[in-house]
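Dumped final-v8.pdb below, it's PDB, C-alpha atoms and all ligand atoms:
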ATOM      1  CA  MET A   1      21.754   6.412   0.574  1.00  0.00           C
ATOM      2  CA  ARG A   2      19.856   9.682   0.837  1.00  0.00           C
ATOM      3  CA  TYR A   3      16.193   9.719  -0.082  1.00  0.00           C
ATOM      4  CA  LEU A   4      13.925  12.620  -0.890  1.00  0.00           C
ATOM      5  CA  VAL A   5      10.624  11.495   0.637  1.00  0.00           C
ATOM      6  CA  ILE A   6       7.602  13.241  -0.839  1.00  0.00           C
ATOM      7  CA  SER A   7       3.863  12.699  -1.054  1.00  0.00           C
ATOM      8  CA  ASP A   8       0.693  14.269  -2.406  1.00  0.00           C
ATOM      9  CA  ILE A   9       2.153  16.405  -5.189  1.00  0.00           C
ATOM     10  CA  HIS A  10      -1.389  16.629  -6.578  1.00  0.00           C
ATOM     11  CA  GLY A  11      -0.493  18.048  -9.963  1.00  0.00           C
ATOM     12  CA  ASN A  12       1.180  21.141  -8.495  1.00  0.00           C
ATOM     13  CA  LEU A  13       4.261  21.568 -10.693  1.00  0.00           C
ATOM     14  CA  SER A  14       5.441  24.862  -9.150  1.00  0.00           C
ATOM     15  CA  ALA A  15       5.494  23.239  -5.715  1.00  0.00           C
ATOM     16  CA  PHE A  16       7.226  20.086  -6.978  1.00  0.00           C
ATOM     17  CA  GLN A  17       9.903  22.058  -8.849  1.00  0.00           C
ATOM     18  CA  THR A  18      10.555  24.178  -5.757  1.00  0.00           C
ATOM     19  CA  VAL A  19      11.007  21.112  -3.556  1.00  0.00           C
ATOM     20  CA  LEU A  20      13.423  19.545  -6.059  1.00  0.00           C
ATOM     21  CA  GLN A  21      15.457  22.758  -6.204  1.00  0.00           C
ATOM     22  CA  ASP A  22      15.459  23.130  -2.428  1.00  0.00           C
ATOM     23  CA  ALA A  23      16.743  19.569  -1.946  1.00  0.00           C
ATOM     24  CA  GLU A  24      19.101  19.586  -4.929  1.00  0.00           C
ATOM     25  CA  GLY A  25      22.358  17.734  -4.276  1.00  0.00           C
ATOM     26  CA  GLU A  26      21.005  16.313  -1.008  1.00  0.00           C
ATOM     27  CA  PHE A  27      19.359  13.127  -2.269  1.00  0.00           C
ATOM     28  CA  ASP A  28      20.204  10.145  -4.474  1.00  0.00           C
ATOM     29  CA  PHE A  29      16.746   8.656  -4.921  1.00  0.00           C
ATOM     30  CA  ILE A  30      13.093   9.707  -4.531  1.00  0.00           C
ATOM     31  CA  TRP A  31      10.420   7.849  -2.613  1.00  0.00           C
ATOM     32  CA  CYS A  32       7.025   9.260  -3.601  1.00  0.00           C
ATOM     33  CA  LEU A  33       4.093   8.099  -1.501  1.00  0.00           C
ATOM     34  CA  GLY A  34       1.326   8.683  -4.034  1.00  0.00           C
ATOM     35  CA  ASP A  35      -1.282  11.162  -5.236  1.00  0.00           C
ATOM     36  CA  VAL A  36       0.946  12.587  -7.952  1.00  0.00           C
ATOM     37  CA  VAL A  37      -2.240  13.812  -9.676  1.00  0.00           C
ATOM     38  CA  GLY A  38      -5.691  15.108  -8.672  1.00  0.00           C
ATOM     39  CA  TYR A  39      -6.620  18.686  -7.552  1.00  0.00           C
ATOM     40  CA  GLY A  40      -3.805  20.550  -9.342  1.00  0.00           C
ATOM     41  CA  PRO A  41      -3.331  21.894 -12.882  1.00  0.00           C
ATOM     42  CA  ASP A  42      -0.244  19.938 -14.035  1.00  0.00           C
ATOM     43  CA  PRO A  43      -0.820  16.181 -13.769  1.00  0.00           C
ATOM     44  CA  ASN A  44       1.195  15.154 -16.848  1.00  0.00           C
ATOM     45  CA  GLU A  45       4.042  17.546 -16.067  1.00  0.00           C
ATOM     46  CA  CYS A  46       4.348  16.220 -12.520  1.00  0.00           C
ATOM     47  CA  VAL A  47       4.434  12.596 -13.698  1.00  0.00           C
ATOM     48  CA  ALA A  48       7.061  13.506 -16.312  1.00  0.00           C
ATOM     49  CA  LEU A  49       9.234  15.419 -13.829  1.00  0.00           C
ATOM     50  CA  LEU A  50       9.116  12.573 -11.307  1.00  0.00           C
ATOM     51  CA  ARG A  51      10.150  10.122 -14.017  1.00  0.00           C
ATOM     52  CA  GLN A  52      13.269  12.177 -14.781  1.00  0.00           C
ATOM     53  CA  HIS A  53      14.673  11.091 -11.409  1.00  0.00           C
ATOM     54  CA  PRO A  54      15.581   7.701 -10.026  1.00  0.00           C
ATOM     55  CA  HIS A  55      12.547   6.945  -7.903  1.00  0.00           C
ATOM     56  CA  ARG A  56       9.990   4.553  -6.498  1.00  0.00           C
ATOM     57  CA  CYS A  57       6.346   5.673  -6.427  1.00  0.00           C
ATOM     58  CA  LEU A  58       3.243   4.229  -4.773  1.00  0.00           C
ATOM     59  CA  SER A  59      -0.321   4.821  -5.913  1.00  0.00           C
ATOM     60  CA  GLY A  60      -2.772   7.020  -4.001  1.00  0.00           C
ATOM     61  CA  ASN A  61      -6.535   7.333  -3.973  1.00  0.00           C
ATOM     62  CA  HIS A  62      -6.511  10.304  -6.371  1.00  0.00           C
ATOM     63  CA  ASP A  63      -4.254   8.402  -8.781  1.00  0.00           C
ATOM     64  CA  TRP A  64      -6.781   5.560  -8.671  1.00  0.00           C
ATOM     65  CA  ALA A  65      -9.696   7.962  -9.114  1.00  0.00           C
ATOM     66  CA  VAL A  66      -8.137   9.605 -12.178  1.00  0.00           C
ATOM     67  CA  LEU A  67      -7.575   6.111 -13.619  1.00  0.00           C
ATOM     68  CA  GLY A  68     -11.281   5.378 -13.106  1.00  0.00           C
ATOM     69  CA  ARG A  69     -10.638   2.697 -10.475  1.00  0.00           C
ATOM     70  CA  LEU A  70     -12.742   4.369  -7.786  1.00  0.00           C
ATOM     71  CA  ASP A  71     -16.350   5.418  -7.593  1.00  0.00           C
ATOM     72  CA  LEU A  72     -16.237   9.218  -7.807  1.00  0.00           C
ATOM     73  CA  SER A  73     -19.334   9.573  -5.621  1.00  0.00           C
ATOM     74  CA  THR A  74     -17.068   8.974  -2.614  1.00  0.00           C
ATOM     75  CA  PHE A  75     -15.278  12.290  -3.325  1.00  0.00           C
ATOM     76  CA  ASN A  76     -16.665  15.748  -2.504  1.00  0.00           C
ATOM     77  CA  ASP A  77     -17.854  17.987  -5.369  1.00  0.00           C
ATOM     78  CA  ASP A  78     -14.634  19.965  -5.745  1.00  0.00           C
ATOM     79  CA  ALA A  79     -12.379  16.909  -5.692  1.00  0.00           C
ATOM     80  CA  ARG A  80     -14.698  15.124  -8.124  1.00  0.00           C
ATOM     81  CA  ASN A  81     -14.686  18.048 -10.579  1.00  0.00           C
ATOM     82  CA  ALA A  82     -10.896  18.272 -10.428  1.00  0.00           C
ATOM     83  CA  ILE A  83     -10.593  14.517 -10.970  1.00  0.00           C
ATOM     84  CA  ALA A  84     -12.933  14.668 -13.965  1.00  0.00           C
ATOM     85  CA  TRP A  85     -10.786  17.474 -15.413  1.00  0.00           C
ATOM     86  CA  ALA A  86      -7.586  15.468 -14.859  1.00  0.00           C
ATOM     87  CA  GLN A  87      -9.169  12.413 -16.516  1.00  0.00           C
ATOM     88  CA  GLY A  88      -9.775  14.578 -19.582  1.00  0.00           C
ATOM     89  CA  VAL A  89      -6.188  15.821 -19.888  1.00  0.00           C
ATOM     90  CA  LEU A  90      -4.257  12.740 -18.734  1.00  0.00           C
ATOM     91  CA  SER A  91      -1.907  11.562 -21.477  1.00  0.00           C
ATOM     92  CA  ASP A  92      -1.627   7.885 -22.452  1.00  0.00           C
ATOM     93  CA  GLU A  93       1.927   7.943 -21.165  1.00  0.00           C
ATOM     94  CA  SER A  94       0.914   9.260 -17.731  1.00  0.00           C
ATOM     95  CA  ARG A  95      -1.940   6.789 -17.610  1.00  0.00           C
ATOM     96  CA  SER A  96       0.224   3.749 -18.240  1.00  0.00           C
ATOM     97  CA  TYR A  97       2.767   4.992 -15.707  1.00  0.00           C
ATOM     98  CA  LEU A  98       0.090   5.447 -13.000  1.00  0.00           C
ATOM     99  CA  GLU A  99      -1.565   2.134 -13.850  1.00  0.00           C
ATOM    100  CA  ALA A 100       1.630   0.223 -13.101  1.00  0.00           C
ATOM    101  CA  LEU A 101       2.194   1.688  -9.599  1.00  0.00           C
ATOM    102  CA  PRO A 102       1.920  -0.660  -6.607  1.00  0.00           C
ATOM    103  CA  SER A 103       0.024   0.428  -3.508  1.00  0.00           C
ATOM    104  CA  LEU A 104       2.598  -0.851  -0.998  1.00  0.00           C
ATOM    105  CA  ALA A 105       6.315  -1.610  -1.088  1.00  0.00           C
ATOM    106  CA  VAL A 106       8.916  -2.780   1.417  1.00  0.00           C
ATOM    107  CA  GLU A 107      12.459  -1.422   1.108  1.00  0.00           C
ATOM    108  CA  ASN A 108      14.784  -2.832   3.779  1.00  0.00           C
ATOM    109  CA  ASP A 109      13.649  -1.312   7.091  1.00  0.00           C
ATOM    110  CA  PHE A 110      10.887   0.768   5.505  1.00  0.00           C
ATOM    111  CA  THR A 111       7.331  -0.017   4.454  1.00  0.00           C
ATOM    112  CA  LEU A 112       6.052   2.552   1.962  1.00  0.00           C
ATOM    113  CA  THR A 113       2.400   3.189   1.232  1.00  0.00           C
ATOM    114  CA  HIS A 114       0.058   6.073   0.478  1.00  0.00           C
ATOM    115  CA  ALA A 115      -2.546   5.854   3.229  1.00  0.00           C
ATOM    116  CA  SER A 116      -1.883   3.110   5.793  1.00  0.00           C
ATOM    117  CA  PRO A 117      -0.375  -0.392   5.835  1.00  0.00           C
ATOM    118  CA  ARG A 118      -3.816  -1.785   6.741  1.00  0.00           C
ATOM    119  CA  HIS A 119      -5.665  -0.022   3.909  1.00  0.00           C
ATOM    120  CA  PRO A 120      -2.949   1.270   1.542  1.00  0.00           C
ATOM    121  CA  VAL A 121      -5.140   3.553  -0.557  1.00  0.00           C
ATOM    122  CA  TRP A 122      -7.848   4.704   1.837  1.00  0.00           C
ATOM    123  CA  GLU A 123      -7.261   4.923   5.555  1.00  0.00           C
ATOM    124  CA  TYR A 124      -6.292   8.241   7.171  1.00  0.00           C
ATOM    125  CA  ILE A 125      -3.824   7.865  10.053  1.00  0.00           C
ATOM    126  CA  THR A 126      -4.731  11.050  11.883  1.00  0.00           C
ATOM    127  CA  ASP A 127      -4.913   9.853  15.485  1.00  0.00           C
ATOM    128  CA  ARG A 128      -3.110   7.622  17.946  1.00  0.00           C
ATOM    129  CA  TYR A 129      -5.743   4.887  17.909  1.00  0.00           C
ATOM    130  CA  THR A 130      -5.563   4.430  14.135  1.00  0.00           C
ATOM    131  CA  ALA A 131      -1.777   4.505  14.323  1.00  0.00           C
ATOM    132  CA  GLN A 132      -1.788   1.916  17.123  1.00  0.00           C
ATOM    133  CA  VAL A 133      -3.840  -0.566  15.091  1.00  0.00           C
ATOM    134  CA  ASN A 134      -1.667  -0.003  12.041  1.00  0.00           C
ATOM    135  CA  PHE A 135       1.563  -0.867  13.859  1.00  0.00           C
ATOM    136  CA  GLY A 136       0.273  -4.456  13.737  1.00  0.00           C
ATOM    137  CA  HIS A 137       0.018  -4.340   9.930  1.00  0.00           C
ATOM    138  CA  PHE A 138       3.677  -3.941   8.931  1.00  0.00           C
ATOM    139  CA  GLU A 139       6.801  -5.847   9.874  1.00  0.00           C
ATOM    140  CA  THR A 140       9.581  -3.320   9.341  1.00  0.00           C
ATOM    141  CA  ASP A 141      10.720  -0.781  11.930  1.00  0.00           C
ATOM    142  CA  TYR A 142       9.417   2.162   9.938  1.00  0.00           C
ATOM    143  CA  CYS A 143       6.362   2.856   7.827  1.00  0.00           C
ATOM    144  CA  LEU A 144       6.165   5.958   5.625  1.00  0.00           C
ATOM    145  CA  VAL A 145       2.708   7.262   4.688  1.00  0.00           C
ATOM    146  CA  GLY A 146       1.122  10.347   3.125  1.00  0.00           C
ATOM    147  CA  HIS A 147      -2.585  10.925   2.407  1.00  0.00           C
ATOM    148  CA  THR A 148      -3.493  13.254   5.323  1.00  0.00           C
ATOM    149  CA  HIS A 149      -1.289  16.089   3.974  1.00  0.00           C
ATOM    150  CA  VAL A 150      -0.130  16.709   7.566  1.00  0.00           C
ATOM    151  CA  PRO A 151       3.455  15.947   8.630  1.00  0.00           C
ATOM    152  CA  ILE A 152       3.595  13.916  11.845  1.00  0.00           C
ATOM    153  CA  VAL A 153       5.461  11.084  13.559  1.00  0.00           C
ATOM    154  CA  PHE A 154       3.761   8.288  15.547  1.00  0.00           C
ATOM    155  CA  GLU A 155       6.058   6.301  17.830  1.00  0.00           C
ATOM    156  CA  GLU A 156       5.174   2.880  19.222  1.00  0.00           C
ATOM    157  CA  LEU A 157       6.338   2.540  22.827  1.00  0.00           C
ATOM    158  CA  ASP A 158       7.145  -0.804  24.501  1.00  0.00           C
ATOM    159  CA  ASP A 159       3.623  -1.339  25.788  1.00  0.00           C
ATOM    160  CA  ASN A 160       2.077  -0.564  22.349  1.00  0.00           C
ATOM    161  CA  GLU A 161       1.118   2.878  23.653  1.00  0.00           C
ATOM    162  CA  ILE A 162       1.528   5.533  20.970  1.00  0.00           C
ATOM    163  CA  MET A 163       3.321   8.845  21.295  1.00  0.00           C
ATOM    164  CA  THR A 164       2.870  11.538  18.642  1.00  0.00           C
ATOM    165  CA  HIS A 165       5.612  13.974  17.693  1.00  0.00           C
ATOM    166  CA  ALA A 166       5.002  17.205  15.811  1.00  0.00           C
ATOM    167  CA  PRO A 167       7.560  17.672  13.033  1.00  0.00           C
ATOM    168  CA  VAL A 168      10.778  19.444  13.968  1.00  0.00           C
ATOM    169  CA  TYR A 169      12.028  21.197  10.840  1.00  0.00           C
ATOM    170  CA  ALA A 170      15.539  21.356   9.422  1.00  0.00           C
ATOM    171  CA  GLN A 171      16.924  19.166  12.174  1.00  0.00           C
ATOM    172  CA  PRO A 172      17.839  15.523  11.520  1.00  0.00           C
ATOM    173  CA  LEU A 173      15.972  13.176  13.857  1.00  0.00           C
ATOM    174  CA  PRO A 174      17.887   9.985  14.694  1.00  0.00           C
ATOM    175  CA  LEU A 175      16.041   6.778  13.815  1.00  0.00           C
ATOM    176  CA  ASN A 176      17.104   4.613  16.728  1.00  0.00           C
ATOM    177  CA  SER A 177      14.923   1.602  16.000  1.00  0.00           C
ATOM    178  CA  ALA A 178      11.837   2.700  17.941  1.00  0.00           C
ATOM    179  CA  ARG A 179       9.069   1.720  15.540  1.00  0.00           C
ATOM    180  CA  LEU A 180       7.640   4.764  13.778  1.00  0.00           C
ATOM    181  CA  ILE A 181       4.918   5.693  11.311  1.00  0.00           C
ATOM    182  CA  ILE A 182       6.114   8.883   9.621  1.00  0.00           C
ATOM    183  CA  ASN A 183       4.246  11.254   7.330  1.00  0.00           C
ATOM    184  CA  PRO A 184       6.373  13.817   5.438  1.00  0.00           C
ATOM    185  CA  GLY A 185       3.321  16.028   4.672  1.00  0.00           C
ATOM    186  CA  SER A 186       2.231  17.214   1.225  1.00  0.00           C
ATOM    187  CA  VAL A 187       4.224  18.863  -1.552  1.00  0.00           C
ATOM    188  CA  GLY A 188       1.283  20.261  -3.494  1.00  0.00           C
ATOM    189  CA  GLN A 189      -1.597  20.829  -1.078  1.00  0.00           C
ATOM    190  CA  PRO A 190      -0.505  21.165   2.584  1.00  0.00           C
ATOM    191  CA  ARG A 191      -3.364  21.013   5.112  1.00  0.00           C
ATOM    192  CA  ASP A 192      -1.695  21.902   8.412  1.00  0.00           C
ATOM    193  CA  HIS A 193      -2.336  25.654   8.156  1.00  0.00           C
ATOM    194  CA  ASP A 194       1.134  26.151   6.667  1.00  0.00           C
ATOM    195  CA  PRO A 195       0.952  26.793   2.906  1.00  0.00           C
ATOM    196  CA  ARG A 196       4.605  25.896   2.307  1.00  0.00           C
ATOM    197  CA  SER A 197       5.448  22.587   0.635  1.00  0.00           C
ATOM    198  CA  ALA A 198       6.430  19.814   3.015  1.00  0.00           C
ATOM    199  CA  TYR A 199       8.962  17.076   2.335  1.00  0.00           C
ATOM    200  CA  ALA A 200      11.639  15.064   4.111  1.00  0.00           C
ATOM    201  CA  ILE A 201      15.192  13.847   3.676  1.00  0.00           C
ATOM    202  CA  LEU A 202      15.962  10.334   4.883  1.00  0.00           C
ATOM    203  CA  ASP A 203      19.618   9.323   5.221  1.00  0.00           C
ATOM    204  CA  THR A 204      19.897   5.547   5.619  1.00  0.00           C
ATOM    205  CA  ASP A 205      23.681   5.634   6.239  1.00  0.00           C
ATOM    206  CA  ARG A 206      23.334   7.976   9.199  1.00  0.00           C
ATOM    207  CA  MET A 207      19.806   6.718   9.909  1.00  0.00           C
ATOM    208  CA  THR A 208      18.303  10.194  10.224  1.00  0.00           C
ATOM    209  CA  TRP A 209      15.015  11.722   9.125  1.00  0.00           C
ATOM    210  CA  GLU A 210      14.628  15.451   8.537  1.00  0.00           C
ATOM    211  CA  HIS A 211      11.308  17.241   7.989  1.00  0.00           C
ATOM    212  CA  ARG A 212      11.481  20.321   5.808  1.00  0.00           C
ATOM    213  CA  ARG A 213       9.257  23.163   4.537  1.00  0.00           C
ATOM    214  CA  VAL A 214       9.807  25.463   1.603  1.00  0.00           C
ATOM    215  CA  ALA A 215       7.728  28.337   0.218  1.00  0.00           C
ATOM    216  CA  TYR A 216       6.784  28.004  -3.458  1.00  0.00           C
ATOM    217  CA  PRO A 217       5.144  30.455  -5.898  1.00  0.00           C
ATOM    218  CA  ILE A 218       1.521  29.631  -5.008  1.00  0.00           C
ATOM    219  CA  ALA A 219       0.111  32.302  -7.362  1.00  0.00           C
ATOM    220  CA  GLU A 220       1.641  30.541 -10.381  1.00  0.00           C
ATOM    221  CA  THR A 221      -0.280  27.370  -9.593  1.00  0.00           C
ATOM    222  CA  GLN A 222      -3.449  29.315  -8.815  1.00  0.00           C
ATOM    223  CA  GLU A 223      -3.281  31.124 -12.146  1.00  0.00           C
ATOM    224  CA  ARG A 224      -3.130  27.883 -14.098  1.00  0.00           C
ATOM    225  CA  MET A 225      -5.986  26.498 -12.011  1.00  0.00           C
ATOM    226  CA  SER A 226      -8.106  29.558 -12.889  1.00  0.00           C
ATOM    227  CA  ASP A 227      -7.194  29.226 -16.562  1.00  0.00           C
ATOM    228  CA  TYR A 228      -8.525  25.663 -16.491  1.00  0.00           C
ATOM    229  CA  ASP A 229     -11.625  26.635 -14.466  1.00  0.00           C
ATOM    230  CA  LEU A 230     -10.709  24.333 -11.610  1.00  0.00           C
ATOM    231  CA  PRO A 231     -12.928  24.789  -8.517  1.00  0.00           C
ATOM    232  CA  TYR A 232     -12.454  28.107  -6.715  1.00  0.00           C
ATOM    233  CA  ARG A 233     -12.190  26.524  -3.276  1.00  0.00           C
ATOM    234  CA  LEU A 234      -9.299  24.331  -4.406  1.00  0.00           C
ATOM    235  CA  ILE A 235      -7.514  27.450  -5.673  1.00  0.00           C
ATOM    236  CA  ALA A 236      -8.143  29.444  -2.492  1.00  0.00           C
ATOM    237  CA  ARG A 237      -7.128  26.727  -0.015  1.00  0.00           C
ATOM    238  CA  LEU A 238      -3.527  26.770  -1.270  1.00  0.00           C
ATOM    239  CA  ASP A 239      -3.104  30.245   0.301  1.00  0.00           C
ATOM    240  CA  TYR A 240      -3.990  28.955   3.718  1.00  0.00           C
ATOM    241  CA  GLY A 241      -2.506  25.468   3.738  1.00  0.00           C
ATOM    242  CA  LEU A 242      -5.934  23.961   4.337  1.00  0.00           C
TER     243      LEU A 242
HETATM  244 ZN    ZN A 301      -3.699  13.435  -1.289  1.00  0.00          ZN
END

File written out as structure tokens:
Amino acid sequence: MRYLVISDIHGNLSAFQTVLQDAEGEFDFIWCLGDVVGYGPDPNECVALLRQHPHRCLSGNHDWAVLGRLDLSTFNDDARNAIAWAQGVLSDESRSYLEALPSLAVENDFTLTHASPRHPVWEYITDRYTAQVNFGHFETDYCLVGHTHVPIVFEELDDNEIMTHAPVYAQPLPLNSARLIINPGSVGQPRDHDPRSAYAILDTDRMTWEHRRVAYPIAETQERMSDYDLPYRLIARLDYGL
């Protein structure tokens, strides 16, 4: 089975469409690691497009925030304003879809969650220490996470030391049963100084993982964000991948 592994679409339809086109014919099923909405201008369209494909989706902190499950005072001003806007436009259909999403799932050798297996909606796995602790919170060989918007691989060595690997693009990485926490990066709001959408292809027959990047029409998304008066800083950051 070939999986398109995506995360953090954040209501950016142009980015999501570009990723689907780029990976067309190369996947059978989608694993989406949450934050389908929040920040971007097309929350309902992104939910609808995801639902056109066979997929499994987890819920992220922005999905929870738009549903009113989280206290918005924990978000910065720009994120809060964008969430309030998304709450206003979210259709009943999108709402009931998001409400039914689980925050963690186990699929054979893979644990799927938005943030971390220890705190599925909240925790950022940005460093080796946080990764190290989290290896004790899932039982499978592999755990797939999003949330930081930065593609990375954490490998657990025999002595529970952690090695980090920067993503190698367009080159299948063999999964040879070393335990890994893998982040495919963000489709709709990359934050690793590369504005291109990030995603991954997982092939469970060959047991390979491939990180990918693809440029999308950023200006299209920015125009819709301006039309809806979404915060300027959220519009500008898409140019820089920040
Ligand atoms: Zn996110």

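When CA of Gln132 in chain A is paired with CA of Ile182 in chain A, their separation reads 12.9 Å.
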
Contacts with ligand ZN 301 (chain A) at most 9 Å, only C-alpha atoms and all ligand atoms counted, listed as a ChimeraX atom specification: /A:7-10,34-39,60-62,114-115,146-149,186,188-189

Given the PyMOL selection byres (((chain A and resi 161-165) around 9) and not hetatm), the residues it picks as a PyMOL selection string: chain A and resi 127-129+131-132+152-160+166-168

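For the set A:Gly11, A:Gly241, A:Pro54, A:Gly40, the residue with the smallest atom-to-atom gap to Phe27 in chain A is A:Pro54, counting all atoms listed in the file.
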
Chain and number of each residue from the PyMOL selection byres (((chain A and resi 26) around 9) and not hetatm), as a count of residues only: 10

Within 10 Å of His119 in chain A using only C-alpha atoms, minus same-chain residues under 6 positions, as an MDAnalysis selection string: chainID A and resid 103:104 113 134 137

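Note that CA of Ala65 in chain A and CA of Pro41 in chain A are 15.8 Å apart.
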
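Of the listed residues A:Val214, A:Leu13, A:Leu230, A:Val150, the one whose atoms come nearest to Asn81 in chain A is A:Leu230, with distances taken using only C-alpha atoms.
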
Residue nearest Gln171 in chain A - candidates A:Thr208, A:Gln87, A:Asn44, A:Asn183, atoms counted: all atoms listed in the file: A:Thr208

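We find CA of Val187 in chain A and CA of Gly136 in chain A to be spaced 28.2 Å apart.
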
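If you measure from each of A:Arg237, A:Arg224, A:Arg56, A:Arg95 to Pro190 in chain A using only C-alpha atoms, the closest one turns out to be A:Arg237.
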
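Counting only C-alpha atoms, the residue from A:Thr204, A:Ser197, A:Asn76, A:Thr221 that sits nearest to Pro172 in chain A is A:Thr204.
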
Take the PyMOL selection byres (((chain A and resi 69-73) around 12) and not hetatm), apply it to the structure above, and return the hits as a short mmCIF file (atom, residue, chain, number, x, y, z; two decimals) with C-alpha atoms, in the coordinates of the input.
data_model
loop_
_atom_site.label_atom_id
_atom_site.label_comp_id
_atom_site.auth_asym_id
_atom_site.auth_seq_id
_atom_site.Cartn_x
_atom_site.Cartn_y
_atom_site.Cartn_z
CA SER A 59 -0.32 4.82 -5.91
CA GLY A 60 -2.77 7.02 -4.00
CA ASN A 61 -6.54 7.33 -3.97
CA HIS A 62 -6.51 10.30 -6.37
CA ASP A 63 -4.25 8.40 -8.78
CA TRP A 64 -6.78 5.56 -8.67
CA ALA A 65 -9.70 7.96 -9.11
CA VAL A 66 -8.14 9.60 -12.18
CA LEU A 67 -7.58 6.11 -13.62
CA GLY A 68 -11.28 5.38 -13.11
CA THR A 74 -17.07 8.97 -2.61
CA PHE A 75 -15.28 12.29 -3.32
CA ASN A 76 -16.66 15.75 -2.50
CA ASP A 77 -17.85 17.99 -5.37
CA ASP A 78 -14.63 19.96 -5.74
CA ALA A 79 -12.38 16.91 -5.69
CA ARG A 80 -14.70 15.12 -8.12
CA ASN A 81 -14.69 18.05 -10.58
CA ALA A 82 -10.90 18.27 -10.43
CA ILE A 83 -10.59 14.52 -10.97
CA ALA A 84 -12.93 14.67 -13.96
CA GLN A 87 -9.17 12.41 -16.52
CA ARG A 95 -1.94 6.79 -17.61
CA LEU A 98 0.09 5.45 -13.00
CA GLU A 99 -1.56 2.13 -13.85
CA VAL A 121 -5.14 3.55 -0.56
CA TRP A 122 -7.85 4.70 1.84
#

Protein and nucleic acid residues near (-4.1, 25.1, 9.7) (cut-off 9 Å, all atoms listed in the file) as a PyMOL selection string: chain A and resi 190-195+240-242

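The smallest atom-to-atom distance between Leu49 in chain A and any of A:Ala15, A:Leu173, A:Leu33, A:Ala86, using only C-alpha atoms, is found for A:Ala15.
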
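Point (5.2, 4.5, 7.8) has the following residues at most 7 Å away: Thr111, Leu112, Tyr142, Cys143, Leu144, Val145, Leu180, Ile181, Ile182 and Asn183 of chain A (atoms considered: all atoms listed in the file).
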
Report, as AutoDock Vina command-line options, the axis-aligned box around all atoms of range 89-108 of chain A present in the file, extended by 8 Å on each side; give centre and edge lengths in Å to one decimal place.
--center_x 4.3 --center_y 6.5 --center_z -9.3 --size_x 37.0 --size_y 34.7 --size_z 42.2
